Amino acid sequence: MILGVPFFLIALLYSLVGFGGGSSYIALLVIVDVPYELIPKIALLCNLIVVTGGSYHFIRRGHFYPEMFWPFVIASVPMAFIGGRIPISENTFLLLLGTALLLSGYRILVTNSPNNLKFRIDISLTHKAIVGALIGFFSGLVGIGGGIFLSPLLLSLNWGKPKTVAATSSAFIFVNSLAGLLGQLSKSPTLAAEQLPHYLPLFLAVFLGGQIGSRMGAGWLSPLFLRGATACLVIFVGCRLLLRSAGIF
């Protein structure tokens with residue numbers, strides 16, 4: 001399948017910073033005119049494959065802290081399922097996702113945060129749960145895992161070091177992708193069962209790319225690189241989706 005190589009590269013790049021790559025898979029699938037009803041399902045499955053390996057490697061390296069993860073994820077999972085059940089038009093989908101990504105990436109770039117700050121709790125658990133619920137709902141709605149929204153928030157507010165944020169985002173994407181996928185599958189289970197097996201080469205490609213990238217990101221790559229790479233990836237994908245929604249690309 002022609003998308004195998006770009007899907008491999010996307011998985012490799014995104015897994016460096018703990019992401020699954022869902023937003024870029026979506027952009028490519030839209031460009032090649034994959035049926036719109038299948039796009040979120042394919043993207044969420046690819047997310048799950050990539051971040052399963054990413055979570056394992058970041059956790060094994062000691063970058064994961066449950067106290068950062070649980071307050072966000074408790075509320076996000078049911079809301080991701082609910083969001084996944086709600087149908088939206090393709091243009092609304094592209095506008096929402098593109099705008100959110102562009103703002104998220106910009107937030108990282110304009111925040112001058114030292115990379116050696118220790119994790120600290122700046123807001124209440126209730127507020128973190130609310131943030132998690134909002135991210136989960138929106139992520140399920142557009143078919144991504146949500147880490148691409150959570151990571152800029154954590155980095156810009158200095159709630160963790162870049163590798164800790166990557167570990168948290170990876171685990172967050174896993175649980176939300178699973179919940180969002182269940183919601184998406186509940187809308188058209190027959191279509192998914194008939195069509196998803198045809199995309200097996202893409203799932204294999206992201207598995208290989210994700211394994212390589214997550215090992216690099218959890219290991220020797222510098223925190224400064226991870227922060228910059230996160231911002232650039234988020235902004236790039238946001239711009240591509242907005243151009244697509246405007247009929248330019």
# chains A, B, ... in the order shown; residues from 1 in each chain; ligands from 1
>>> select_by_dssp(residues="segment 4-240 of chain A", states="helix (DSSP H, G or I)", output="ChimeraX atom specification")
/A:4-15,22-31,39-60,66-84,90-110,125-142,147-156,162-187,189-218,223-240
>>> residues_around(residues="segment 94-102 of chain A", least_positions_apart="2", cutoff="10 Å", atoms="only C-alpha atoms", output="PyMOL selection string")
chain A and resi 23+26-27+30+89-92+104-107+138-139+141-144+148-149+152+231-246
>>> write_last_selection(atoms="N, CA and C atoms", output="mmCIF file, in the first residue's frame")
data_model
loop_
_atom_site.group_PDB
_atom_site.id
_atom_site.type_symbol
_atom_site.label_atom_id
_atom_site.label_comp_id
_atom_site.auth_asym_id
_atom_site.auth_seq_id
_atom_site.Cartn_x
_atom_site.Cartn_y
_atom_site.Cartn_z
ATOM 1 N N SER A 23 -3.152 12.344 14.335
ATOM 2 C CA SER A 23 -3.548 13.517 13.559
ATOM 3 C C SER A 23 -2.943 13.504 12.158
ATOM 4 N N ILE A 26 -4.626 10.845 9.983
ATOM 5 C CA ILE A 26 -5.887 11.396 9.504
ATOM 6 C C ILE A 26 -5.669 12.282 8.289
ATOM 7 N N ALA A 27 -4.658 13.157 8.368
ATOM 8 C CA ALA A 27 -4.382 14.070 7.259
ATOM 9 C C ALA A 27 -4.083 13.300 5.976
ATOM 10 N N VAL A 30 -7.235 11.488 4.621
ATOM 11 C CA VAL A 30 -8.139 12.443 3.980
ATOM 12 C C VAL A 30 -7.640 12.776 2.581
ATOM 13 N N SER A 89 -19.455 16.545 10.561
ATOM 14 C CA SER A 89 -19.130 16.645 9.145
ATOM 15 C C SER A 89 -17.613 16.681 8.957
ATOM 16 N N GLU A 90 -17.179 16.336 7.749
ATOM 17 C CA GLU A 90 -15.736 16.292 7.475
ATOM 18 C C GLU A 90 -15.094 17.665 7.618
ATOM 19 N N ASN A 91 -15.746 18.709 7.132
ATOM 20 C CA ASN A 91 -15.133 20.036 7.197
ATOM 21 C C ASN A 91 -15.051 20.536 8.633
ATOM 22 N N THR A 92 -16.094 20.282 9.419
ATOM 23 C CA THR A 92 -16.057 20.650 10.840
ATOM 24 C C THR A 92 -14.946 19.907 11.552
ATOM 25 N N SER A 104 -2.057 24.660 20.055
ATOM 26 C CA SER A 104 -1.268 23.865 20.995
ATOM 27 C C SER A 104 0.220 23.987 20.713
ATOM 28 N N GLY A 105 0.592 23.890 19.437
ATOM 29 C CA GLY A 105 2.000 23.998 19.074
ATOM 30 C C GLY A 105 2.553 25.376 19.348
ATOM 31 N N TYR A 106 1.771 26.404 19.048
ATOM 32 C CA TYR A 106 2.202 27.776 19.316
ATOM 33 C C TYR A 106 2.441 27.992 20.809
ATOM 34 N N ARG A 107 1.609 27.395 21.628
ATOM 35 C CA ARG A 107 1.745 27.537 23.074
ATOM 36 C C ARG A 107 3.085 26.989 23.571
ATOM 37 N N PHE A 138 -13.053 15.751 23.060
ATOM 38 C CA PHE A 138 -12.644 16.278 21.762
ATOM 39 C C PHE A 138 -11.840 15.245 20.988
ATOM 40 N N SER A 139 -11.014 14.491 21.682
ATOM 41 C CA SER A 139 -10.191 13.475 21.026
ATOM 42 C C SER A 139 -11.048 12.368 20.441
ATOM 43 N N LEU A 141 -14.119 12.679 19.544
ATOM 44 C CA LEU A 141 -14.922 13.285 18.485
ATOM 45 C C LEU A 141 -14.199 13.259 17.145
ATOM 46 N N VAL A 142 -12.892 13.599 17.155
ATOM 47 C CA VAL A 142 -12.146 13.714 15.896
ATOM 48 C C VAL A 142 -11.289 12.489 15.600
ATOM 49 N N GLY A 143 -11.211 11.530 16.528
ATOM 50 C CA GLY A 143 -10.527 10.282 16.239
ATOM 51 C C GLY A 143 -9.038 10.266 16.503
ATOM 52 N N ILE A 144 -8.590 10.942 17.556
ATOM 53 C CA ILE A 144 -7.183 10.881 17.944
ATOM 54 C C ILE A 144 -7.104 10.514 19.426
ATOM 55 N N ILE A 148 -1.617 14.808 21.935
ATOM 56 C CA ILE A 148 -1.129 15.975 21.221
ATOM 57 C C ILE A 148 -1.719 17.270 21.785
ATOM 58 N N PHE A 149 -2.776 17.157 22.600
ATOM 59 C CA PHE A 149 -3.303 18.305 23.337
ATOM 60 C C PHE A 149 -2.763 18.346 24.764
ATOM 61 N N PRO A 152 1.297 19.611 25.064
ATOM 62 C CA PRO A 152 1.573 21.045 25.100
ATOM 63 C C PRO A 152 1.143 21.701 26.414
ATOM 64 N N ALA A 231 6.575 20.664 19.351
ATOM 65 C CA ALA A 231 5.966 21.891 18.843
ATOM 66 C C ALA A 231 5.890 21.885 17.319
ATOM 67 N N CYS A 232 6.979 21.499 16.671
ATOM 68 C CA CYS A 232 7.021 21.520 15.209
ATOM 69 C C CYS A 232 6.017 20.541 14.602
ATOM 70 N N LEU A 233 5.922 19.364 15.163
ATOM 71 C CA LEU A 233 4.989 18.371 14.648
ATOM 72 C C LEU A 233 3.543 18.834 14.778
ATOM 73 N N VAL A 234 3.221 19.388 15.950
ATOM 74 C CA VAL A 234 1.849 19.830 16.198
ATOM 75 C C VAL A 234 1.457 20.955 15.245
ATOM 76 N N ILE A 235 2.344 21.935 15.063
ATOM 77 C CA ILE A 235 2.052 23.073 14.192
ATOM 78 C C ILE A 235 1.940 22.631 12.733
ATOM 79 N N PHE A 236 2.842 21.760 12.300
ATOM 80 C CA PHE A 236 2.830 21.284 10.914
ATOM 81 C C PHE A 236 1.514 20.601 10.570
ATOM 82 N N VAL A 237 1.098 19.689 11.421
ATOM 83 C CA VAL A 237 -0.139 18.962 11.144
ATOM 84 C C VAL A 237 -1.345 19.891 11.201
ATOM 85 N N GLY A 238 -1.362 20.820 12.159
ATOM 86 C CA GLY A 238 -2.460 21.769 12.253
ATOM 87 C C GLY A 238 -2.613 22.592 10.993
ATOM 88 N N CYS A 239 -1.505 23.071 10.451
ATOM 89 C CA CYS A 239 -1.548 23.861 9.220
ATOM 90 C C CYS A 239 -2.050 23.033 8.043
ATOM 91 N N ARG A 240 -1.600 21.787 7.955
ATOM 92 C CA ARG A 240 -2.021 20.922 6.846
ATOM 93 C C ARG A 240 -3.533 20.692 6.875
ATOM 94 N N LEU A 241 -4.068 20.456 8.049
ATOM 95 C CA LEU A 241 -5.506 20.193 8.151
ATOM 96 C C LEU A 241 -6.328 21.437 7.847
ATOM 97 N N LEU A 242 -5.858 22.600 8.285
ATOM 98 C CA LEU A 242 -6.588 23.836 7.998
ATOM 99 C C LEU A 242 -6.571 24.149 6.505
ATOM 100 N N LEU A 243 -5.434 23.911 5.861
ATOM 101 C CA LEU A 243 -5.363 24.113 4.415
ATOM 102 C C LEU A 243 -6.304 23.161 3.690
ATOM 103 N N ARG A 244 -6.362 21.937 4.186
ATOM 104 C CA ARG A 244 -7.266 20.962 3.582
ATOM 105 C C ARG A 244 -8.721 21.364 3.744
ATOM 106 N N SER A 245 -9.063 21.900 4.905
ATOM 107 C CA SER A 245 -10.448 22.315 5.143
ATOM 108 C C SER A 245 -10.846 23.484 4.248
ATOM 109 N N ALA A 246 -9.831 24.293 3.864
ATOM 110 C CA ALA A 246 -10.106 25.431 3.004
ATOM 111 C C ALA A 246 -10.056 25.058 1.526
#
>>> atom_distance(atom1="atom CA of Ser24 of chain A", atom2="atom CA of Pro201 of chain A")
16.9 Å
>>> closest_residue(among="A:Ala218, A:Val5, A:Ile212, A:Leu178", to="Ala166 of chain A", atoms="only C-alpha atoms")
A:Ala218
>>> residues_around(residues="Leu9 of chain A", least_positions_apart="6", cutoff="9 Å", atoms="only C-alpha atoms", output="PDB file with N, CA and C atoms, in the first residue's frame")
ATOM      1  N   ALA A 205       3.290  -1.181   9.386  1.00  0.00           N
ATOM      2  CA  ALA A 205       4.238  -0.081   9.194  1.00  0.00           C
ATOM      3  C   ALA A 205       4.359   0.776  10.453  1.00  0.00           C
ATOM      4  N   VAL A 206       3.238   1.092  11.087  1.00  0.00           N
ATOM      5  CA  VAL A 206       3.314   1.940  12.281  1.00  0.00           C
ATOM      6  C   VAL A 206       3.887   1.177  13.473  1.00  0.00           C
ATOM      7  N   GLY A 209       7.713   1.490  12.861  1.00  0.00           N
ATOM      8  CA  GLY A 209       8.149   2.860  13.105  1.00  0.00           C
ATOM      9  C   GLY A 209       8.053   3.253  14.562  1.00  0.00           C
ATOM     10  N   GLY A 210       6.964   2.843  15.218  1.00  0.00           N
ATOM     11  CA  GLY A 210       6.772   3.179  16.623  1.00  0.00           C
ATOM     12  C   GLY A 210       7.798   2.534  17.528  1.00  0.00           C
TER      13      GLY A 210
END
>>> residues_around(residues="Val77 of chain A", least_positions_apart="5", cutoff="7 Å", atoms="only C-alpha atoms", output="list of chain:residue names")
A:Gly136, A:Val175, A:Asn176, A:Ala179
>>> closest_residue(among="A:Pro197, A:Gly53, A:Pro35, A:Pro66", to="Ala11 of chain A", atoms="only C-alpha atoms")
A:Gly53
>>> residues_around(residues="Phe8 of chain A", least_positions_apart="4", cutoff="12 Å", atoms="only C-alpha atoms", output="ChimeraX atom specification")
/A:1-4,12-15,20-21,24-25,46,49-50,201-213
>>> residues_around(residues="Pro71 of chain A", least_positions_apart="5", cutoff="9 Å", atoms="only C-alpha atoms", output="list in words")
Pro66, Leu125, Thr126, His127, Lys128, Ala129 and Gly132 of chain A
>>> atom_distance(atom1="atom CA of Val51 of chain A", atom2="atom CA of Ser170 of chain A")
5.4 Å
